[in-house]
$ cat coords-v2.txt   # compact mmCIF, C-alpha atoms
# COMPACT_ATOMS: atom_id res chain seq x y z
CA MET P 1 -114.26 44.16 -176.00
CA ASN P 2 -114.01 43.72 -172.23
CA LYS P 3 -111.22 46.26 -171.66
CA PRO P 4 -113.50 49.21 -170.66
CA ILE P 5 -115.33 46.99 -168.18
CA ASN P 6 -112.05 45.75 -166.68
CA MET P 7 -110.77 49.31 -166.39
CA MET P 8 -113.93 50.40 -164.61
CA LEU P 9 -113.64 47.47 -162.18
CA GLY P 10 -110.01 48.36 -161.48
CA ILE P 11 -110.90 52.00 -160.75
CA ALA P 12 -113.76 50.89 -158.49
CA MET P 13 -111.46 48.60 -156.52
CA SER P 14 -108.89 51.39 -156.12
CA ILE P 15 -111.56 53.71 -154.74
CA LEU P 16 -112.74 50.98 -152.36
CA LEU P 17 -109.24 50.28 -151.10
CA PHE P 18 -108.51 53.98 -150.66
CA SER P 19 -111.74 54.49 -148.74
CA CYS P 20 -110.87 51.60 -146.38
CA ASN P 21 -107.64 53.35 -145.43
CA SER P 22 -109.34 56.65 -144.75
CA ASP P 23 -110.22 57.98 -141.28
CA ASP P 24 -113.55 56.22 -141.19
CA PRO P 25 -114.73 56.30 -137.54
CA ASP P 26 -116.40 52.92 -138.01
CA ILE P 27 -113.09 51.22 -138.90
CA ILE P 28 -111.27 49.77 -135.80
CA GLU P 29 -107.52 49.38 -136.16
CA GLU P 30 -106.06 46.44 -134.20
CA ASP P 31 -103.02 46.97 -131.95
CA PRO P 32 -99.83 45.34 -133.25
CA ALA P 33 -99.09 41.91 -131.79
CA PRO P 34 -96.66 41.96 -128.84
CA ASP P 35 -93.04 41.37 -129.87
CA PHE P 36 -91.78 38.37 -127.86
CA SER P 37 -88.50 38.12 -129.73
CA ILE P 38 -85.29 37.74 -127.70
CA THR P 39 -82.14 39.26 -129.15
CA SER P 40 -78.49 38.94 -128.23
CA THR P 41 -76.62 41.77 -126.51
CA ASP P 42 -72.94 42.62 -126.08
CA ASN P 43 -72.77 40.45 -122.95
CA PHE P 44 -75.41 37.84 -123.74
CA GLU P 45 -75.10 35.77 -126.90
CA ILE P 46 -77.99 33.54 -127.94
CA VAL P 47 -76.31 30.67 -129.78
CA SER P 48 -79.47 28.79 -130.79
CA ARG P 49 -83.25 28.85 -130.27
CA TYR P 50 -86.26 26.59 -130.33
CA PRO P 51 -89.00 27.06 -132.99
CA ASN P 52 -91.12 29.07 -130.51
CA GLY P 53 -88.25 31.54 -130.02
CA TRP P 54 -87.20 30.29 -126.59
CA ILE P 55 -83.50 30.09 -125.87
CA LYS P 56 -81.79 26.75 -126.44
CA GLU P 57 -78.12 27.74 -125.97
CA ALA P 58 -76.64 30.97 -124.63
CA ILE P 59 -73.38 32.42 -123.30
CA LYS P 60 -73.09 35.35 -120.87
CA THR P 61 -69.82 37.26 -120.52
CA GLN P 62 -68.37 40.05 -118.40
CA SER P 63 -67.49 43.39 -120.02
CA SER P 64 -63.89 42.12 -120.05
CA GLY P 65 -64.96 39.23 -122.27
CA ASN P 66 -64.53 36.57 -119.58
CA LYS P 67 -67.31 34.00 -119.50
CA MET P 68 -69.81 34.18 -116.62
CA HIS P 69 -71.90 31.19 -117.66
CA GLU P 70 -72.95 29.13 -120.65
CA VAL P 71 -76.19 27.19 -120.68
CA ILE P 72 -78.35 24.76 -122.65
CA TYR P 73 -82.10 24.61 -121.98
CA TYR P 74 -84.71 21.97 -122.79
CA ASP P 75 -87.61 23.09 -124.95
CA ASN P 76 -89.83 23.16 -121.82
CA GLY P 77 -87.64 25.89 -120.30
CA TYR P 78 -85.85 23.72 -117.73
CA LEU P 79 -82.08 23.65 -117.50
CA ASN P 80 -80.39 20.89 -119.48
CA SER P 81 -76.76 21.68 -118.64
CA TYR P 82 -74.66 24.68 -117.73
CA LYS P 83 -71.20 25.86 -116.75
CA VAL P 84 -70.57 28.69 -114.29
CA TYR P 85 -67.24 30.54 -114.20
CA TYR P 86 -65.32 32.39 -111.49
CA GLN P 87 -65.93 36.15 -111.64
CA ILE P 88 -63.39 37.38 -109.09
CA GLU P 89 -59.92 38.34 -110.32
CA PRO P 90 -57.42 36.81 -110.78
CA TYR P 91 -59.59 33.70 -111.26
CA ALA P 92 -62.23 35.28 -113.53
CA GLY P 93 -63.04 33.16 -116.56
CA GLY P 94 -61.95 29.88 -114.97
CA ILE P 95 -64.63 27.21 -114.66
CA ARG P 96 -66.21 27.07 -111.21
CA PHE P 97 -68.82 24.30 -111.60
CA GLU P 98 -70.93 22.49 -114.19
CA HIS P 99 -74.20 20.65 -113.83
CA GLN P 100 -76.59 18.44 -115.82
CA ARG P 101 -80.33 18.00 -115.20
CA SER P 102 -83.10 15.84 -116.65
CA GLU P 103 -86.02 17.09 -118.71
CA GLN P 104 -88.15 16.65 -115.55
CA ASN P 105 -85.79 19.07 -113.72
CA LEU P 106 -84.04 16.40 -111.63
CA PRO P 107 -80.27 16.56 -111.00
CA LEU P 108 -78.04 14.14 -112.93
CA SER P 109 -74.45 15.14 -112.15
CA SER P 110 -72.26 18.01 -110.97
CA LYS P 111 -68.58 18.86 -111.10
CA TYR P 112 -66.83 21.54 -109.03
CA TYR P 113 -63.40 23.00 -109.75
CA ASP P 114 -60.76 24.93 -107.81
CA THR P 115 -59.33 28.21 -109.10
CA GLU P 116 -56.52 26.39 -110.91
CA GLY P 117 -59.08 24.52 -113.01
CA ASN P 118 -58.54 21.21 -111.21
CA LEU P 119 -61.56 18.98 -110.63
CA TYR P 120 -62.27 19.14 -106.89
CA ALA P 121 -65.61 17.39 -106.44
CA GLU P 122 -67.98 15.23 -108.45
CA LEU P 123 -71.61 14.37 -107.59
CA ASP P 124 -73.77 11.75 -109.30
CA TYR P 125 -77.52 11.26 -108.94
CA GLU P 126 -80.12 8.61 -109.74
CA ASN P 127 -83.83 9.47 -109.80
CA GLY P 128 -82.91 12.86 -108.38
CA LEU P 129 -81.14 11.41 -105.32
CA LEU P 130 -77.44 11.62 -104.57
CA VAL P 131 -75.69 8.25 -105.00
CA SER P 132 -72.02 9.24 -105.06
CA LYS P 133 -69.81 12.12 -103.96
CA LYS P 134 -66.10 12.22 -104.80
CA ILE P 135 -63.57 14.72 -103.48
CA TYR P 136 -60.26 14.98 -105.32
CA GLY P 137 -57.58 16.25 -102.93
CA ASP P 138 -53.84 16.60 -103.01
CA GLY P 139 -52.76 13.00 -103.55
CA TYR P 140 -56.03 11.36 -102.51
CA VAL P 141 -59.60 10.62 -103.57
CA ALA P 142 -62.43 10.43 -101.01
CA GLU P 143 -65.71 8.88 -102.15
CA SER P 144 -69.00 8.54 -100.27
CA ILE P 145 -71.85 6.27 -101.42
CA TYR P 146 -75.52 6.99 -100.64
CA GLU P 147 -78.82 5.10 -100.71
CA ASN P 148 -82.11 6.99 -100.49
CA ASP P 149 -80.11 10.13 -99.71
CA LYS P 150 -78.44 8.43 -96.72
CA ILE P 151 -74.71 7.74 -96.55
CA ILE P 152 -73.87 4.03 -96.40
CA SER P 153 -70.10 4.03 -96.94
CA SER P 154 -67.03 6.21 -97.44
CA ASN P 155 -63.60 5.39 -98.76
CA LYS P 156 -60.45 7.48 -98.92
CA GLU P 157 -57.50 6.37 -101.04
CA ILE P 158 -54.08 7.98 -100.48
CA GLU P 159 -52.28 6.53 -103.46
CA SER P 160 -48.77 7.80 -102.72
CA GLU P 161 -48.77 6.08 -99.32
CA GLY P 162 -50.77 3.02 -100.30
CA ILE P 163 -53.33 3.85 -97.57
CA SER P 164 -57.06 3.11 -97.77
CA ILE P 165 -59.61 4.25 -95.16
CA ALA P 166 -63.01 2.52 -95.43
CA ILE P 167 -66.03 3.48 -93.34
CA SER P 168 -69.34 1.62 -93.42
CA TYR P 169 -72.69 2.37 -91.76
CA ASP P 170 -75.05 -0.27 -90.38
CA TYR P 171 -78.22 1.57 -89.43
CA GLU P 172 -80.06 -1.52 -88.22
CA ALA P 173 -77.24 -2.35 -85.80
CA ASN P 174 -76.73 1.38 -85.11
CA GLU P 175 -73.00 1.07 -85.79
CA LYS P 176 -70.26 2.71 -87.80
CA SER P 177 -67.08 0.79 -88.64
CA MET P 178 -63.67 1.94 -89.86
CA VAL P 179 -60.97 -0.21 -91.44
CA VAL P 180 -57.57 1.23 -92.40
CA THR P 181 -55.24 -0.72 -94.68
CA LYS P 182 -51.71 0.02 -95.83
CA SER P 183 -50.28 -1.85 -98.80
CA GLY P 184 -53.19 -4.26 -98.52
CA GLU P 185 -52.70 -5.07 -94.82
CA ILE P 186 -55.11 -3.99 -92.08
CA THR P 187 -53.41 -1.55 -89.71
CA PHE P 188 -56.45 -0.33 -87.79
CA GLU P 189 -60.10 -1.24 -87.35
CA LYS P 190 -62.78 -0.04 -85.00
CA THR P 191 -66.57 -0.13 -84.63
CA GLU P 192 -68.41 2.52 -82.66
CA PRO P 193 -72.10 3.23 -81.98
CA LEU P 194 -74.02 5.64 -84.16
CA GLY P 195 -74.98 7.94 -81.32
CA ASP P 196 -75.62 11.66 -81.42
CA ILE P 197 -73.45 13.36 -84.05
CA LEU P 198 -71.75 15.64 -81.50
CA ALA P 199 -67.96 15.13 -81.39
CA ASN P 200 -68.03 13.36 -84.77
CA ALA P 201 -64.82 14.17 -86.59
CA TYR P 202 -64.16 15.55 -90.07
CA ASP P 203 -61.20 16.46 -92.19
CA HIS P 204 -62.22 19.93 -93.30
CA MET P 205 -61.07 19.60 -96.92
CA ASP P 206 -62.77 16.33 -97.90
CA ASP P 207 -65.73 16.58 -95.44
CA MET P 208 -65.53 12.83 -94.79
CA GLU P 209 -67.05 11.84 -91.48
CA LEU P 210 -64.45 10.01 -89.36
CA LEU P 211 -64.41 8.56 -85.84
CA ASN P 212 -65.84 10.14 -82.71
CA VAL P 213 -63.04 11.28 -80.41
CA MET P 214 -65.20 10.74 -77.33
CA ASP P 215 -66.62 7.33 -78.37
CA ASN P 216 -70.01 9.02 -77.92
CA ASP P 217 -69.33 9.36 -74.19
CA TYR P 218 -70.04 12.99 -73.27
CA GLU P 219 -72.70 15.25 -71.81
CA ILE P 220 -74.97 17.31 -74.05
CA SER P 221 -76.10 20.85 -73.33
CA GLU P 222 -79.44 21.99 -74.72
CA ARG P 223 -80.33 25.63 -75.30
CA ARG P 224 -83.71 26.86 -76.49
CA ILE P 225 -83.46 29.56 -79.13
CA LEU P 226 -87.00 29.88 -80.52
CA THR P 227 -86.39 32.60 -83.06
CA GLY P 228 -88.06 33.08 -86.40
CA LEU P 229 -87.64 35.00 -89.60
CA GLY P 230 -90.20 35.70 -92.26
CA GLY P 231 -90.76 38.24 -94.95
CA SER P 232 -92.74 39.05 -98.05
CA ILE P 233 -91.75 37.79 -101.47
CA THR P 234 -89.50 40.27 -103.28
CA GLN P 235 -88.21 40.75 -106.81
CA GLU P 236 -84.49 40.09 -107.21
CA ASN P 237 -82.35 40.90 -110.25
CA TYR P 238 -79.42 39.09 -108.62
CA PHE P 239 -79.87 35.92 -106.61
CA GLU P 240 -77.50 33.47 -104.90
CA ALA P 241 -78.50 30.36 -102.95
CA SER P 242 -76.27 31.58 -100.12
CA ASP P 243 -78.69 34.50 -99.68
CA VAL P 244 -81.46 32.22 -98.40
CA ALA P 245 -80.43 28.57 -97.98
CA ASN P 246 -78.71 27.17 -94.93
CA VAL P 247 -75.51 25.15 -95.10
CA GLU P 248 -75.68 22.17 -92.75
CA LEU P 249 -71.92 21.69 -92.57
CA TYR P 250 -70.83 25.12 -91.43
CA TYR P 251 -67.36 26.03 -90.17
CA SER P 252 -67.46 28.30 -87.17
CA THR P 253 -63.70 28.68 -87.50
CA LEU P 254 -63.09 30.43 -90.81
CA GLY P 255 -59.31 30.64 -90.74
CA PHE P 256 -58.42 27.58 -92.81
CA ASP P 257 -55.40 28.25 -95.01
CA ASP P 258 -56.83 26.06 -97.76
CA MET P 259 -59.59 28.61 -98.30
CA ASP P 260 -57.22 30.35 -100.73
CA GLN P 261 -57.47 27.31 -102.98
CA PHE P 262 -60.93 28.53 -103.95
CA GLY P 263 -60.24 32.24 -104.12
CA TYR P 264 -62.95 34.52 -102.77
CA SER P 265 -64.20 33.12 -99.46
CA ASN P 266 -67.88 33.41 -100.39
CA GLU P 267 -67.26 31.12 -103.35
CA PHE P 268 -65.49 28.68 -101.03
CA HIS P 269 -68.48 28.55 -98.70
CA SER P 270 -70.87 28.24 -101.64
CA LEU P 271 -68.85 25.21 -102.67
CA LYS P 272 -69.07 23.76 -99.16
CA GLY P 273 -72.78 24.45 -99.18
CA ALA P 274 -73.29 22.60 -102.46
CA LEU P 275 -71.29 19.60 -101.24
CA ASN P 276 -72.78 19.35 -97.76
CA GLY P 277 -76.04 21.30 -97.66
CA ARG P 278 -78.89 19.19 -99.00
CA LEU P 279 -81.32 22.09 -99.08
CA PHE P 280 -78.60 24.48 -100.25
CA ARG P 281 -77.72 22.17 -103.13
CA GLY P 282 -81.37 21.80 -104.14
CA VAL P 283 -81.58 25.57 -104.51
CA ALA P 284 -78.09 26.33 -105.86
CA GLU P 285 -78.16 23.75 -108.65
CA GLN P 286 -81.63 24.79 -109.90
CA TYR P 287 -81.03 28.54 -109.85
CA PRO P 288 -77.33 29.09 -110.68
CA PHE P 289 -77.98 32.49 -112.30
CA ASN P 290 -80.78 34.84 -113.35
CA GLN P 291 -81.95 34.78 -116.93
CA GLY P 292 -84.88 37.06 -116.38
CA MET P 293 -86.11 37.84 -112.87
CA THR P 294 -86.37 35.87 -109.62
CA PHE P 295 -89.00 36.26 -106.89
CA VAL P 296 -87.70 35.19 -103.47
CA GLY P 297 -89.28 34.68 -100.05
CA LEU P 298 -87.90 33.10 -96.88
CA GLY P 299 -89.44 31.64 -93.75
CA ARG P 300 -87.20 30.27 -91.02
CA SER P 301 -87.63 29.10 -87.44
CA ILE P 302 -84.74 28.08 -85.21
CA ASP P 303 -85.68 25.83 -82.31
CA ARG P 304 -82.70 24.64 -80.22
CA GLU P 305 -78.96 24.33 -80.06
CA TYR P 306 -77.27 21.16 -78.78
CA SER P 307 -73.58 21.23 -77.88
CA VAL P 308 -70.84 19.28 -76.16
CA THR P 309 -71.02 20.46 -72.54
CA SER P 310 -67.25 20.52 -71.96
CA SER P 311 -65.28 21.17 -75.13
CA TRP P 312 -62.05 21.03 -73.16
CA LEU P 313 -62.69 17.33 -72.54
CA VAL P 314 -62.77 16.77 -76.32
CA ASP P 315 -59.56 18.78 -76.75
CA ASN P 316 -57.82 16.82 -73.99
CA LYS P 317 -58.90 13.47 -75.43
CA ALA P 318 -57.80 14.56 -78.91
CA GLU P 319 -54.40 15.57 -77.54
CA GLU P 320 -53.98 12.18 -75.85
CA LEU P 321 -54.87 10.33 -79.04
CA GLU P 322 -52.60 12.52 -81.16
CA ASN P 323 -49.67 11.82 -78.83
CA GLU P 324 -50.43 8.11 -79.07
CA LEU P 325 -51.10 7.88 -82.81
CA GLY P 326 -48.84 10.59 -84.24
CA ASP P 327 -49.46 11.30 -87.93
CA GLU P 328 -52.13 8.60 -88.01
CA PHE P 329 -54.38 10.75 -85.82
CA ARG P 330 -55.58 12.96 -88.68
CA LEU P 331 -56.40 9.91 -90.80
CA LEU P 332 -58.72 8.61 -88.07
CA TYR P 333 -60.04 11.78 -86.43
CA GLY P 334 -59.46 14.59 -88.93
CA ASN P 335 -58.78 18.11 -87.72
CA THR P 336 -62.25 19.29 -86.66
CA TYR P 337 -65.24 17.94 -84.75
CA VAL P 338 -68.92 18.78 -84.35
CA GLN P 339 -69.00 21.10 -81.35
CA SER P 340 -72.70 21.92 -81.67
CA TYR P 341 -75.68 21.77 -83.98
CA VAL P 342 -78.88 23.75 -84.40
CA THR P 343 -82.35 22.41 -85.22
CA GLY P 344 -85.19 24.21 -86.94
CA LYS P 345 -87.15 24.57 -90.17
CA TYR P 346 -86.73 26.41 -93.46
CA ALA P 347 -89.16 27.40 -96.20
CA ILE P 348 -87.77 29.09 -99.31
CA TYR P 349 -90.08 30.40 -102.03
CA ILE P 350 -88.61 30.95 -105.49
CA GLY P 351 -90.34 32.17 -108.62
CA THR P 352 -88.37 31.92 -111.87
CA LEU P 353 -88.88 33.79 -115.14
CA ARG P 354 -87.06 32.82 -118.33
CA ASN P 355 -87.29 33.71 -122.01
CA LEU P 356 -88.43 37.27 -121.34
CA PRO P 357 -88.55 39.35 -124.54
CA THR P 358 -86.06 42.09 -125.32
CA ASP P 359 -88.82 44.72 -125.67
CA THR P 360 -88.45 46.60 -122.38
CA GLU P 361 -92.10 47.60 -122.01
CA LEU P 362 -93.39 44.09 -122.70
CA ARG P 363 -90.67 42.62 -120.50
CA GLN P 364 -91.72 44.76 -117.53
CA GLN P 365 -95.38 43.99 -118.19
CA LEU P 366 -94.62 40.26 -117.98
CA ILE P 367 -92.62 40.70 -114.78
CA ASP P 368 -95.54 42.58 -113.25
CA ILE P 369 -98.01 39.88 -114.35
CA ALA P 370 -95.80 37.09 -112.98
CA PHE P 371 -95.38 38.89 -109.67
CA LYS P 372 -99.15 39.47 -109.44
CA HIS P 373 -99.66 35.76 -110.08
CA THR P 374 -97.08 34.90 -107.41
CA GLU P 375 -98.84 37.11 -104.87
CA TRP P 376 -102.15 35.40 -105.67
CA ILE P 377 -100.57 31.97 -105.07
CA ALA P 378 -98.90 33.07 -101.83
CA TYR P 379 -101.41 35.51 -100.36
CA GLY P 380 -104.72 34.84 -102.11
CA THR P 381 -104.90 38.33 -103.65
CA ASP P 382 -106.60 39.12 -106.96
CA PRO P 383 -105.74 36.54 -109.66
CA ILE P 384 -104.41 37.52 -113.06
CA THR P 385 -106.92 37.96 -115.88
CA GLU P 386 -107.37 35.55 -118.77
CA GLU P 387 -105.59 38.00 -121.07
CA GLU P 388 -102.67 38.30 -118.62
CA SER P 389 -102.53 34.51 -118.31
CA GLU P 390 -102.24 34.18 -122.10
CA LEU P 391 -99.30 36.59 -122.08
CA LEU P 392 -97.56 34.80 -119.20
CA ASP P 393 -97.92 31.48 -121.02
CA ARG P 394 -95.63 32.86 -123.73
CA VAL P 395 -92.63 32.79 -121.36
CA PHE P 396 -91.30 30.32 -118.78
CA PHE P 397 -92.58 30.87 -115.25
CA GLU P 398 -92.50 28.57 -112.23
CA PHE P 399 -93.07 29.14 -108.51
CA LYS P 400 -91.71 26.56 -106.04
CA VAL P 401 -91.37 26.07 -102.32
CA HIS P 402 -88.18 24.47 -100.99
CA GLY P 403 -87.96 23.38 -97.38
CA SER P 404 -85.94 21.48 -94.81
CA ALA P 405 -88.51 18.66 -94.65
CA GLU P 406 -87.51 15.64 -96.73
CA ASN P 407 -90.11 16.01 -99.52
CA PHE P 408 -89.30 19.70 -100.03
CA LEU P 409 -85.51 19.66 -100.48
CA ASP P 410 -85.65 19.94 -104.28
CA GLY P 411 -88.78 22.06 -104.24
CA ILE P 412 -92.47 21.54 -105.01
CA VAL P 413 -94.23 23.50 -107.76
CA LEU P 414 -97.08 25.71 -106.51
CA SER P 415 -99.85 26.61 -108.97
CA THR P 416 -102.73 27.76 -106.75
CA HIS P 417 -103.28 29.47 -103.41
CA GLU P 418 -104.87 26.27 -102.08
CA GLU P 419 -101.67 24.33 -102.85
CA TYR P 420 -99.63 27.01 -101.12
CA VAL P 421 -101.72 26.77 -97.94
CA THR P 422 -101.57 22.96 -97.96
CA TYR P 423 -97.80 22.73 -98.34
CA VAL P 424 -97.06 25.52 -95.87
CA GLU P 425 -99.11 23.66 -93.26
CA GLU P 426 -97.21 20.46 -94.08
CA LEU P 427 -93.90 22.25 -93.56
CA GLN P 428 -95.06 23.79 -90.30
CA GLU P 429 -96.14 20.41 -88.95
CA ALA P 430 -92.93 18.63 -90.03
CA ASP P 431 -90.31 17.67 -87.45
CA ASN P 432 -87.40 19.99 -86.82
CA GLN P 433 -84.26 19.10 -88.75
CA ILE P 434 -80.58 19.77 -88.18
CA VAL P 435 -80.13 22.99 -90.11
CA GLN P 436 -76.56 23.72 -89.12
CA LEU P 437 -73.51 21.96 -87.72
CA GLN P 438 -70.79 24.03 -86.13
CA LEU P 439 -67.35 22.49 -86.40
CA ARG P 440 -64.43 23.40 -84.20
CA GLU P 441 -60.75 22.68 -84.67
CA TYR P 442 -59.09 20.50 -82.04

$ encode --input "coords-v2.txt" --output "structure tokens"
Amino acid sequence: MNKPINMMLGIAMSILLFSCNSDDPDIIEEDPAPDFSITSTDNFEIVSRYPNGWIKEAIKTQSSGNKMHEVIYYDNGYLNSYKVYYQIEPYAGGIRFEHQRSEQNLPLSSKYYDTEGNLYAELDYENGLLVSKKIYGDGYVAESIYENDKIISSNKEIESEGISIAISYDYEANEKSMVVTKSGEITFEKTEPLGDILANAYDHMDDMELLNVMDNDYEISERRILTGLGGSITQENYFEASDVANVELYYSTLGFDDMDQFGYSNEFHSLKGALNGRLFRGVAEQYPFNQGMTFVGLGRSIDREYSVTSSWLVDNKAEELENELGDEFRLLYGNTYVQSYVTGKYAIYIGTLRNLPTDTELRQQLIDIAFKHTEWIAYGTDPITEEESELLDRVFFEFKVHGSAENFLDGIVLSTHEEYVTYVEELQEADNQIVQLQLREY
């Protein structure tokens, strides 16, 4: 009985549906939602993801198939752990270094390897501060212990010879002491004042600070430099810490034979930077590679250079001691000394984008929005709109300032132009720091 009525209703609904799909000028069609999906490519494999689509695990390879890096992220976008591999033949594909970080983006531990795959250095942190640094050399282990980012002791064990070299620092007494034992018996001990670091000795491979050849008795030359460098923030597809960050322990003599142990010289100096450059390490370990795009800016002022007035006096004293001590000389005084150091200030600005979508148009739109937001933070230009902010919130973005002042070594997140102005003023008013040591061979 109801069939004709049901048929009429069905026809009416069909007409209504058809009319809704017609070119009615009063009907507004919504744009499709942006596609934020991230897909693997031939050289970038996404191993796993978080529920929101962000990358959890990924592996990047060269066209040859050799690994460049593999990484695990936290769900907040920060690095959890990663491994970086050598890219220069014939070492390509061999592990170069690995690093672990906390969910709050603080360093936990690092390991660095030579081109043969041997563990060369190991760093451990607590609460983001370095507490231990070990160097594994040919037949020895050199370990330095730190408190509040300040070295308090070093110890070098040469197992094959039964030799132990222990150095302790007493900052209240302003003294540094060395004790050398062989087969458990003390063969040498000395305490010297903690004066200026000029003429302090190092063995260039383990970077362990040894005795001062001159017993801190020398004249210091001072030279005003007063140069500065500054530039606008730029977009970088490829970024290395060595492009912007200083390395405090810098070798002015580059002809060490052992450099070949680490292959390409730039990788050797990046290693030295990570082990000895506090600011360098804070940058290098947070930004080991680009996942999306990096915005980079640099401000630098160099104030003065301090040097040993008569280097020939150091060389003469070293020669006397070497004649007296023989092979023991290198154990006590290494093969290089601090000939000069430079003071100044650094400010490094780094904006990081991660989890950018594969869609090229949307990807570029997000890069443009992030860069506009960065310029607003740094220069006070027009802020991004609410709609642009909602889009940027769909990916990982962070803008930080790193600097040579103590509180800035690992970087401070900047969210507003007012914060930028405040922290830049704080950096400008901070004391000059030693930004570079220049070591010279005896």

$ closest_residue --input "coords-v2.txt" --among "P:Trp376, P:Lys400, P:Gly94, P:Tyr333" --to "P:Lys317" --atoms "only C-alpha atoms"
P:Tyr333

$ closest_atom_pairs --input "coords-v2.txt" --of "stretch 309-340 of chain P" --to "stretch 210-215 of chain P" --cutoff "10 Å" --atoms "only C-alpha atoms" --output "JSON lines"
{"residue": "P:Leu313", "atom": "CA", "partner": "P:Met214", "partner_atom": "CA", "distance": 8.5}
{"residue": "P:Val314", "atom": "CA", "partner": "P:Met214", "partner_atom": "CA", "distance": 6.6}
{"residue": "P:Asp315", "atom": "CA", "partner": "P:Val213", "partner_atom": "CA", "distance": 9.0}
{"residue": "P:Asn316", "atom": "CA", "partner": "P:Val213", "partner_atom": "CA", "distance": 10.0}
{"residue": "P:Lys317", "atom": "CA", "partner": "P:Val213", "partner_atom": "CA", "distance": 6.8}
{"residue": "P:Ala318", "atom": "CA", "partner": "P:Val213", "partner_atom": "CA", "distance": 6.4}
{"residue": "P:Leu321", "atom": "CA", "partner": "P:Val213", "partner_atom": "CA", "distance": 8.3}
{"residue": "P:Arg330", "atom": "CA", "partner": "P:Leu210", "partner_atom": "CA", "distance": 9.4}
{"residue": "P:Leu331", "atom": "CA", "partner": "P:Leu210", "partner_atom": "CA", "distance": 8.2}
{"residue": "P:Leu332", "atom": "CA", "partner": "P:Leu210", "partner_atom": "CA", "distance": 6.0}
{"residue": "P:Tyr333", "atom": "CA", "partner": "P:Leu211", "partner_atom": "CA", "distance": 5.5}
{"residue": "P:Gly334", "atom": "CA", "partner": "P:Leu210", "partner_atom": "CA", "distance": 6.8}
{"residue": "P:Thr336", "atom": "CA", "partner": "P:Leu210", "partner_atom": "CA", "distance": 9.9}
{"residue": "P:Tyr337", "atom": "CA", "partner": "P:Asn212", "partner_atom": "CA", "distance": 8.1}
{"residue": "P:Val338", "atom": "CA", "partner": "P:Asn212", "partner_atom": "CA", "distance": 9.3}

$ closest_residue --input "coords-v2.txt" --among "P:Leu409, P:Ala370, P:Ile186, P:Val342" --to "P:Asp149" --atoms "only C-alpha atoms"
P:Leu409

$ closest_residue --input "coords-v2.txt" --among "P:Thr360, P:Thr227, P:Gln291, P:Ser311" --to "P:Lys345" --atoms "only C-alpha atoms"
P:Thr227

$ closest_residue --input "coords-v2.txt" --among "P:Tyr146, P:Phe329, P:Tyr442, P:Tyr346" --to "P:Ile302" --atoms "only C-alpha atoms"
P:Tyr346

$ atom_distance --input "coords-v2.txt" --atom1 "atom CA of P:Arg281" --atom2 "atom CA of P:Asn407"
14.3 Å

$ decode --input "coords-v2.txt" --residues "stretch 136-147 of chain P" --atoms "N, CA and C atoms" --output "PDB file, in the first residue's frame"
ATOM      1  N   TYR P 136      89.831   7.486  23.511  1.00  0.00           N
ATOM      2  CA  TYR P 136      90.442   6.175  23.362  1.00  0.00           C
ATOM      3  C   TYR P 136      91.520   6.255  22.281  1.00  0.00           C
ATOM      4  N   GLY P 137      92.793   6.237  22.713  1.00  0.00           N
ATOM      5  CA  GLY P 137      93.893   6.336  21.775  1.00  0.00           C
ATOM      6  C   GLY P 137      94.549   4.998  21.518  1.00  0.00           C
ATOM      7  N   ASP P 138      95.690   5.037  20.890  1.00  0.00           N
ATOM      8  CA  ASP P 138      96.441   3.836  20.574  1.00  0.00           C
ATOM      9  C   ASP P 138      97.161   3.339  21.828  1.00  0.00           C
ATOM     10  N   GLY P 139      96.525   2.446  22.564  1.00  0.00           N
ATOM     11  CA  GLY P 139      97.132   1.882  23.756  1.00  0.00           C
ATOM     12  C   GLY P 139      96.883   2.667  25.022  1.00  0.00           C
ATOM     13  N   TYR P 140      95.988   3.652  24.992  1.00  0.00           N
ATOM     14  CA  TYR P 140      95.713   4.433  26.202  1.00  0.00           C
ATOM     15  C   TYR P 140      94.263   4.907  26.232  1.00  0.00           C
ATOM     16  N   VAL P 141      93.827   5.290  27.422  1.00  0.00           N
ATOM     17  CA  VAL P 141      92.530   5.930  27.618  1.00  0.00           C
ATOM     18  C   VAL P 141      92.759   7.186  28.448  1.00  0.00           C
ATOM     19  N   ALA P 142      92.261   8.325  27.984  1.00  0.00           N
ATOM     20  CA  ALA P 142      92.368   9.586  28.717  1.00  0.00           C
ATOM     21  C   ALA P 142      90.962  10.040  29.087  1.00  0.00           C
ATOM     22  N   GLU P 143      90.718  10.240  30.382  1.00  0.00           N
ATOM     23  CA  GLU P 143      89.393  10.637  30.844  1.00  0.00           C
ATOM     24  C   GLU P 143      89.474  11.930  31.647  1.00  0.00           C
ATOM     25  N   SER P 144      88.556  12.845  31.363  1.00  0.00           N
ATOM     26  CA  SER P 144      88.447  14.092  32.118  1.00  0.00           C
ATOM     27  C   SER P 144      87.081  14.132  32.796  1.00  0.00           C
ATOM     28  N   ILE P 145      87.063  14.599  34.051  1.00  0.00           N
ATOM     29  CA  ILE P 145      85.837  14.685  34.843  1.00  0.00           C
ATOM     30  C   ILE P 145      85.500  16.158  35.063  1.00  0.00           C
ATOM     31  N   TYR P 146      84.191  16.487  34.974  1.00  0.00           N
ATOM     32  CA  TYR P 146      83.742  17.875  35.062  1.00  0.00           C
ATOM     33  C   TYR P 146      82.668  18.028  36.143  1.00  0.00           C
ATOM     34  N   GLU P 147      82.632  19.207  36.733  1.00  0.00           N
ATOM     35  CA  GLU P 147      81.545  19.615  37.630  1.00  0.00           C
ATOM     36  C   GLU P 147      81.087  21.000  37.209  1.00  0.00           C
TER      37      GLU P 147
END
